[in-house]
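Structure first, then comments.
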Amino acid sequence: MNEQDCKKLAELLFPDVDKTPDYYEEKYPYRKLPNKAEVTRLGPSPTGFIHLGNLYSALADERIAHKNGGVFYLRIEDTDAKRTVEGAVDLVINSLRYFDIEFDEGAGFPDSDQVNAYGPYYQTQRVDIYHTFAKELVLKGLAYPCFCTEEELEAVRLQQETDKVLTGYYGKYAVCRDLSLETIEENLKAGKPYVLRLRSQGSPENEITFTDSIKGEIKLPENIHDVVLLKKDGIPTYHFAHAIDDHFMRTTTVVRGGEWLASVPIHYELFHVLGFKMPKYAHTAHLMKFDEETGGKRKLSKRKDPELSLDYYRKDGYHPYTMKVYLLTLLNSNFEEWHEKFPDKDINEFPFSVDKMSVSGALFDKEKLHNICKNELSKLSEDDLYEFLHNWALENEPEMEKVWFADKEKLLAILRLYMGVGAKRRRKDFM
Ligand code: GLU
């Protein structure tokens, strides 16, 4: 398609776009932050389920941002309406707050030029921005509409399996890649649904090399797939939204699950065609547990392991501070030694470092967690422990709370005795 046709096509597909890429570059300038400060984010889908893996990543994000005066914000990745649950955003904020993790910006904050200048922070409210860049790519011949039906795509996949070649929408299999403007116009007039695809510039012979902040240097084959950028309803895919959002929210380090590592070639190409600088990536290891059945390690699973849910710890009465100490132990291999050496220092003073994060699976070990609980609880004052127990009872056992906490002085005296307050050595076996 020549330049003229690309222009016509861009207008045809996005007649309502009235902004330019420059408009957004100006609207969301680079953040003025101290030297070395990092901008990180948590991008959960609002599914109403928040788990230990989220807390693990969020703590890494929060430490990376806050250790040098950066920003940690919350972006809601709500592009899948089927999975969106009401109240999910409050659940994320409140659950993380319980574990002493606070956002500086994003969903849940009032919009103002001072605080939420990089919003909106819900992806469904950012469609105008995505479309501006989709239009730009069409204009440059780097994106095109694809009218293939599910059945047609399935037929291509089966053919590729028979031919024993890579499956996917690329090269000669990408049949909509070279449709003429006339055919596209006809299809649009006929009301045929379409997705917008990237016209990949990648070649199977080439590799990309990048440095993952956790895993080190990584080489992967270049992307050759004409991946979907906008779905049939005009809502972006994860890939497209990620490139645009992390660029315009000025994220400097993307901490995300290791399952996204294989998609980096797509993101690499997207950042390149959009003219954006890639952020640093830190792909985290899976949380694993020891499997008694097999004697090996396996990923923590939502179905099999109730301890994956954050609610589990809250209901079961784990003190949030001890959870934080435990997760820092898992996150940074040198944390434990530091904490032993400086037991009285605020754990937020620990020099957290991304490159000390576990490269392969991080083993979640309940016994270790319990040991840490004993250790840390034995350092609390009886007042702190009283308050923690009281809050727990108010939340979880409101009826019994009245009975258990009727006589504060008596309970404090019991706690002093059990904790060994004032004795030569504090006890660690009281809980
Ligand atoms: N919404 C994505 C997820 O839940 C976020 C991944 C990311 O942090 O980029 O997996």
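Ligands are numbered from 1 in the order shown, residues from 1 within each chain, and chains are lettered A, B, ... in the order they appear in the structure tokens.
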Alpha helix (DSSP H) per DSSP on the backbone: members of range 207-251 of chain A, as number ranges by chain: A: 238-248
Expected selection as a list in words for ligand 1 within 8 Å, only C-alpha atoms and all ligand atoms: Arg41, Leu42, Gly43, Pro44, Ser45, Ile76, Glu77, Asp78, Tyr238, His242, Val254, Val255, Arg256, Gly257 and Trp260 of chain A
Filtering to N, CA, C and O atoms, could you give me those residues as an mmCIF file, in the first residue's frame?
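Result written to again.cif:
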data_model
loop_
_atom_site.group_PDB
_atom_site.id
_atom_site.type_symbol
_atom_site.label_atom_id
_atom_site.label_comp_id
_atom_site.auth_asym_id
_atom_site.auth_seq_id
_atom_site.Cartn_x
_atom_site.Cartn_y
_atom_site.Cartn_z
ATOM 1 N N ARG A 41 5.364 0.189 38.754
ATOM 2 C CA ARG A 41 3.898 0.126 38.828
ATOM 3 C C ARG A 41 3.436 -1.284 39.086
ATOM 4 O O ARG A 41 4.141 -2.259 38.812
ATOM 5 N N LEU A 42 2.210 -1.378 39.601
ATOM 6 C CA LEU A 42 1.557 -2.669 39.676
ATOM 7 C C LEU A 42 0.391 -2.565 38.692
ATOM 8 O O LEU A 42 -0.320 -1.566 38.696
ATOM 9 N N GLY A 43 0.234 -3.585 37.857
ATOM 10 C CA GLY A 43 -0.827 -3.526 36.835
ATOM 11 C C GLY A 43 -1.785 -4.694 36.929
ATOM 12 O O GLY A 43 -1.887 -5.484 35.997
ATOM 13 N N PRO A 44 -2.496 -4.814 38.037
ATOM 14 C CA PRO A 44 -3.380 -5.982 38.161
ATOM 15 C C PRO A 44 -4.639 -5.867 37.306
ATOM 16 O O PRO A 44 -5.101 -4.766 37.011
ATOM 17 N N SER A 45 -5.159 -7.006 36.930
ATOM 18 C CA SER A 45 -6.500 -7.032 36.338
ATOM 19 C C SER A 45 -7.456 -7.082 37.531
ATOM 20 O O SER A 45 -7.180 -7.791 38.497
ATOM 21 N N ILE A 76 -4.820 -0.006 36.554
ATOM 22 C CA ILE A 76 -5.772 -1.112 36.502
ATOM 23 C C ILE A 76 -5.920 -1.607 35.060
ATOM 24 O O ILE A 76 -6.338 -0.854 34.176
ATOM 25 N N GLU A 77 -5.559 -2.846 34.849
ATOM 26 C CA GLU A 77 -5.579 -3.423 33.500
ATOM 27 C C GLU A 77 -6.912 -4.138 33.301
ATOM 28 O O GLU A 77 -7.033 -5.351 33.450
ATOM 29 N N ASP A 78 -7.915 -3.311 32.963
ATOM 30 C CA ASP A 78 -9.293 -3.798 32.940
ATOM 31 C C ASP A 78 -9.816 -3.996 31.523
ATOM 32 O O ASP A 78 -10.982 -3.728 31.237
ATOM 33 N N TYR A 238 -2.940 -6.678 25.702
ATOM 34 C CA TYR A 238 -1.952 -6.400 26.740
ATOM 35 C C TYR A 238 -0.705 -5.755 26.127
ATOM 36 O O TYR A 238 -0.184 -4.753 26.642
ATOM 37 N N HIS A 242 0.557 -2.135 27.113
ATOM 38 C CA HIS A 242 1.797 -2.100 27.911
ATOM 39 C C HIS A 242 2.773 -1.078 27.342
ATOM 40 O O HIS A 242 3.307 -0.229 28.069
ATOM 41 N N VAL A 254 9.900 -2.211 34.713
ATOM 42 C CA VAL A 254 8.691 -3.029 34.704
ATOM 43 C C VAL A 254 9.009 -4.337 35.435
ATOM 44 O O VAL A 254 9.806 -5.138 34.962
ATOM 45 N N VAL A 255 8.409 -4.497 36.613
ATOM 46 C CA VAL A 255 8.563 -5.764 37.343
ATOM 47 C C VAL A 255 7.311 -6.572 37.029
ATOM 48 O O VAL A 255 6.195 -6.100 37.261
ATOM 49 N N ARG A 256 7.473 -7.735 36.473
ATOM 50 C CA ARG A 256 6.273 -8.537 36.173
ATOM 51 C C ARG A 256 6.629 -10.008 36.181
ATOM 52 O O ARG A 256 7.809 -10.384 36.170
ATOM 53 N N GLY A 257 5.608 -10.846 36.158
ATOM 54 C CA GLY A 257 5.803 -12.285 36.246
ATOM 55 C C GLY A 257 6.634 -12.831 35.091
ATOM 56 O O GLY A 257 6.569 -12.320 33.959
ATOM 57 N N TRP A 260 5.845 -13.453 31.234
ATOM 58 C CA TRP A 260 5.859 -12.444 30.173
ATOM 59 C C TRP A 260 7.189 -12.382 29.429
ATOM 60 O O TRP A 260 7.312 -11.689 28.421
#
Interatomic distance (Å, one decimal) between CA of Phe352 in chain A and CA of Ala60 in chain A: 8.3 Å
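Considering only C-alpha atoms, the residue among A:Leu12, A:Leu377, A:Leu33, A:Val138 positioned nearest to Gly70 in chain A is A:Leu33.
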Which residues come within 7 Å of Ser378 in chain A, counting only C-alpha atoms, excluding same-chain residues fewer than 5 positions away, as a PDB file with N, CA and C atoms, in the first residue's frame?
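So the final result, stored in out-v6.pdb, reads:
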ATOM      1  N   MET A 419       5.252 -13.390  76.839  1.00  0.00           N
ATOM      2  CA  MET A 419       6.296 -12.900  75.939  1.00  0.00           C
ATOM      3  C   MET A 419       7.646 -12.784  76.648  1.00  0.00           C
ATOM      4  N   ARG A 426      13.624 -12.777  75.883  1.00  0.00           N
ATOM      5  CA  ARG A 426      12.231 -12.833  75.449  1.00  0.00           C
ATOM      6  C   ARG A 426      11.922 -14.222  74.922  1.00  0.00           C
ATOM      7  N   ARG A 427      10.669 -14.654  75.117  1.00  0.00           N
ATOM      8  CA  ARG A 427      10.296 -15.994  74.664  1.00  0.00           C
ATOM      9  C   ARG A 427       9.843 -15.965  73.209  1.00  0.00           C
ATOM     10  N   LYS A 428      10.119 -17.081  72.510  1.00  0.00           N
ATOM     11  CA  LYS A 428       9.721 -17.131  71.113  1.00  0.00           C
ATOM     12  C   LYS A 428       8.632 -18.182  70.884  1.00  0.00           C
TER      13      LYS A 428
END
Surrounding residues of Ile184 in chain A excluding itself and chain neighbours under 4 positions, 10 Å, only C-alpha atoms, as a PyMOL selection string: chain A and resi 9+12+144-147+176+178-180+188-190+192
Just write the chosen residues, N, CA, C and O atoms, as a PDB file, in the first residue's frame.
ATOM      1  N   LEU A   9      -6.511   5.022   4.573  1.00  0.00           N
ATOM      2  CA  LEU A   9      -6.919   3.933   5.465  1.00  0.00           C
ATOM      3  C   LEU A   9      -6.956   4.406   6.921  1.00  0.00           C
ATOM      4  O   LEU A   9      -7.898   4.104   7.666  1.00  0.00           O
ATOM      5  N   LEU A  12      -9.985   6.353   7.429  1.00  0.00           N
ATOM      6  CA  LEU A  12     -11.153   5.477   7.351  1.00  0.00           C
ATOM      7  C   LEU A  12     -11.365   4.715   8.667  1.00  0.00           C
ATOM      8  O   LEU A  12     -12.484   4.576   9.153  1.00  0.00           O
ATOM      9  N   TYR A 144      -2.391  -2.927  10.144  1.00  0.00           N
ATOM     10  CA  TYR A 144      -3.439  -3.126   9.135  1.00  0.00           C
ATOM     11  C   TYR A 144      -4.628  -3.872   9.750  1.00  0.00           C
ATOM     12  O   TYR A 144      -4.461  -4.619  10.716  1.00  0.00           O
ATOM     13  N   PRO A 145      -5.804  -3.702   9.148  1.00  0.00           N
ATOM     14  CA  PRO A 145      -6.962  -4.431   9.673  1.00  0.00           C
ATOM     15  C   PRO A 145      -6.963  -5.864   9.154  1.00  0.00           C
ATOM     16  O   PRO A 145      -6.610  -6.101   7.995  1.00  0.00           O
ATOM     17  N   CYS A 146      -7.343  -6.786  10.006  1.00  0.00           N
ATOM     18  CA  CYS A 146      -7.402  -8.193   9.619  1.00  0.00           C
ATOM     19  C   CYS A 146      -8.838  -8.676   9.831  1.00  0.00           C
ATOM     20  O   CYS A 146      -9.377  -8.553  10.937  1.00  0.00           O
ATOM     21  N   PHE A 147      -9.425  -9.220   8.760  1.00  0.00           N
ATOM     22  CA  PHE A 147     -10.840  -9.613   8.812  1.00  0.00           C
ATOM     23  C   PHE A 147     -11.019 -11.116   8.985  1.00  0.00           C
ATOM     24  O   PHE A 147     -12.121 -11.629   8.844  1.00  0.00           O
ATOM     25  N   CYS A 176      -4.267 -11.197   5.426  1.00  0.00           N
ATOM     26  CA  CYS A 176      -4.830  -9.842   5.329  1.00  0.00           C
ATOM     27  C   CYS A 176      -3.737  -8.771   5.240  1.00  0.00           C
ATOM     28  O   CYS A 176      -4.034  -7.580   5.125  1.00  0.00           O
ATOM     29  N   ASP A 178      -1.693  -7.972   2.989  1.00  0.00           N
ATOM     30  CA  ASP A 178      -1.553  -7.192   1.753  1.00  0.00           C
ATOM     31  C   ASP A 178      -2.872  -6.941   1.045  1.00  0.00           C
ATOM     32  O   ASP A 178      -2.922  -6.846  -0.187  1.00  0.00           O
ATOM     33  N   LEU A 179      -3.933  -6.826   1.796  1.00  0.00           N
ATOM     34  CA  LEU A 179      -5.216  -6.506   1.154  1.00  0.00           C
ATOM     35  C   LEU A 179      -5.128  -5.109   0.539  1.00  0.00           C
ATOM     36  O   LEU A 179      -4.485  -4.219   1.101  1.00  0.00           O
ATOM     37  N   SER A 180      -5.810  -4.947  -0.589  1.00  0.00           N
ATOM     38  CA  SER A 180      -5.794  -3.614  -1.208  1.00  0.00           C
ATOM     39  C   SER A 180      -6.761  -2.703  -0.446  1.00  0.00           C
ATOM     40  O   SER A 180      -7.658  -3.177   0.259  1.00  0.00           O
ATOM     41  N   LEU A 188     -15.212  -3.194   5.078  1.00  0.00           N
ATOM     42  CA  LEU A 188     -15.719  -2.276   6.104  1.00  0.00           C
ATOM     43  C   LEU A 188     -17.170  -1.915   5.820  1.00  0.00           C
ATOM     44  O   LEU A 188     -18.004  -1.884   6.723  1.00  0.00           O
ATOM     45  N   LYS A 189     -17.444  -1.666   4.533  1.00  0.00           N
ATOM     46  CA  LYS A 189     -18.833  -1.325   4.137  1.00  0.00           C
ATOM     47  C   LYS A 189     -19.777  -2.460   4.464  1.00  0.00           C
ATOM     48  O   LYS A 189     -20.907  -2.254   4.886  1.00  0.00           O
ATOM     49  N   ALA A 190     -19.269  -3.672   4.285  1.00  0.00           N
ATOM     50  CA  ALA A 190     -20.107  -4.861   4.557  1.00  0.00           C
ATOM     51  C   ALA A 190     -20.237  -5.112   6.068  1.00  0.00           C
ATOM     52  O   ALA A 190     -20.881  -6.063   6.492  1.00  0.00           O
ATOM     53  N   LYS A 192     -17.902  -6.049   8.158  1.00  0.00           N
ATOM     54  CA  LYS A 192     -17.141  -7.201   8.674  1.00  0.00           C
ATOM     55  C   LYS A 192     -16.303  -6.785   9.876  1.00  0.00           C
ATOM     56  O   LYS A 192     -15.587  -5.788   9.813  1.00  0.00           O
TER      57      LYS A 192
END
All strand (DSSP E or B) positions in range 239-403 of chain A, as a PyMOL selection string: chain A and resi 253-257+280-284+287-290+297-299+309+362-364
Of the listed residues A:Tyr73, A:Arg31, A:His267, A:Asp5, that which approaches Asp61 in chain A most closely, counting only C-alpha atoms: A:Tyr73
For Pro221 in chain A, the nearest of the candidates A:Ile208, A:Leu287, A:Val92, A:Leu74, counting only C-alpha atoms: A:Ile208
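Residues in contact with range 27-30 of chain A at 10 Å, where only C-alpha atoms are counted and same-chain residues fewer than 5 positions away are skipped, are listed as Pro21, Asp22, Ala117, Tyr118, Gly119, His247, Phe248, Met249, Arg250 and Thr251 of chain A.
Distances here use only C-alpha atoms; by that measure, the residue among A:Asn54, A:Thr294, A:Asn371, A:Ser381 closest to Thr322 in chain A is A:Asn371.
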Surrounding residues of Gly317 in chain A excluding itself and chain neighbours under 3 positions, 10 Å, only C-alpha atoms, as a list in words: Asp311, Tyr312, Tyr313, Arg314, Pro320, Phe388, Leu389, Asn391, Trp392, Ala393 and Asn396 of chain A
Keeping only N, CA, C and O atoms, take the residues you just selected and write them out as a compact mmCIF listing (two decimals), in the first residue's frame.
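And here is the file that came out, part.txt:
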# COMPACT_ATOMS: atom_id res chain seq x y z
N ASP A 311 -5.73 -13.22 51.68
CA ASP A 311 -6.74 -13.30 52.72
C ASP A 311 -6.41 -14.35 53.77
O ASP A 311 -6.71 -14.19 54.95
N TYR A 312 -5.80 -15.40 53.30
CA TYR A 312 -5.44 -16.52 54.17
C TYR A 312 -4.58 -16.03 55.35
O TYR A 312 -4.81 -16.39 56.50
N TYR A 313 -3.61 -15.19 55.05
CA TYR A 313 -2.68 -14.72 56.10
C TYR A 313 -3.35 -13.75 57.05
O TYR A 313 -3.09 -13.72 58.23
N ARG A 314 -4.23 -12.96 56.45
CA ARG A 314 -4.92 -11.96 57.25
C ARG A 314 -5.87 -12.65 58.23
O ARG A 314 -5.91 -12.32 59.41
N PRO A 320 1.33 -8.63 59.76
CA PRO A 320 1.80 -8.17 58.44
C PRO A 320 3.30 -7.85 58.40
O PRO A 320 3.96 -8.07 57.38
N PHE A 388 -2.36 -5.43 67.78
CA PHE A 388 -2.49 -6.32 66.61
C PHE A 388 -3.59 -7.36 66.86
O PHE A 388 -4.47 -7.57 66.02
N LEU A 389 -3.53 -7.99 68.03
CA LEU A 389 -4.52 -9.03 68.35
C LEU A 389 -5.93 -8.44 68.40
O LEU A 389 -6.89 -9.04 67.92
N ASN A 391 -7.08 -5.74 66.84
CA ASN A 391 -7.58 -5.44 65.49
C ASN A 391 -7.97 -6.71 64.76
O ASN A 391 -8.96 -6.76 64.03
N TRP A 392 -7.18 -7.75 64.97
CA TRP A 392 -7.50 -9.02 64.31
C TRP A 392 -8.86 -9.53 64.78
O TRP A 392 -9.70 -9.95 63.98
N ALA A 393 -9.08 -9.47 66.10
CA ALA A 393 -10.34 -9.97 66.66
C ALA A 393 -11.53 -9.13 66.18
O ALA A 393 -12.59 -9.66 65.84
N ASN A 396 -12.10 -10.31 62.65
CA ASN A 396 -12.41 -11.71 62.38
C ASN A 396 -13.32 -12.40 63.39
O ASN A 396 -13.97 -13.38 63.06
Spatial neighbours of Thr20 in chain A, 10 Å, only C-alpha atoms, chain gap at least 6 places, as a list in words: Ile129, Thr132, Phe133, Lys135 and Glu136 of chain A
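In this structure, CA of Tyr169 in chain A sits 5.6 Å away from CA of His225 in chain A.
The gap separating CA of Glu349 in chain A from CA of Arg63 in chain A is 9.6 Å, in Å to one decimal.
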Shortest interatomic distance to His66 in chain A - which of A:Lys36, A:Arg303, A:Lys366, A:Lys215, counting only C-alpha atoms: A:Lys36
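Among the candidates A:Gly106, A:Gly141, A:Pro15, A:Pro351, the residue lying nearest to Asn2 in chain A is A:Gly141 (atoms considered: only C-alpha atoms).
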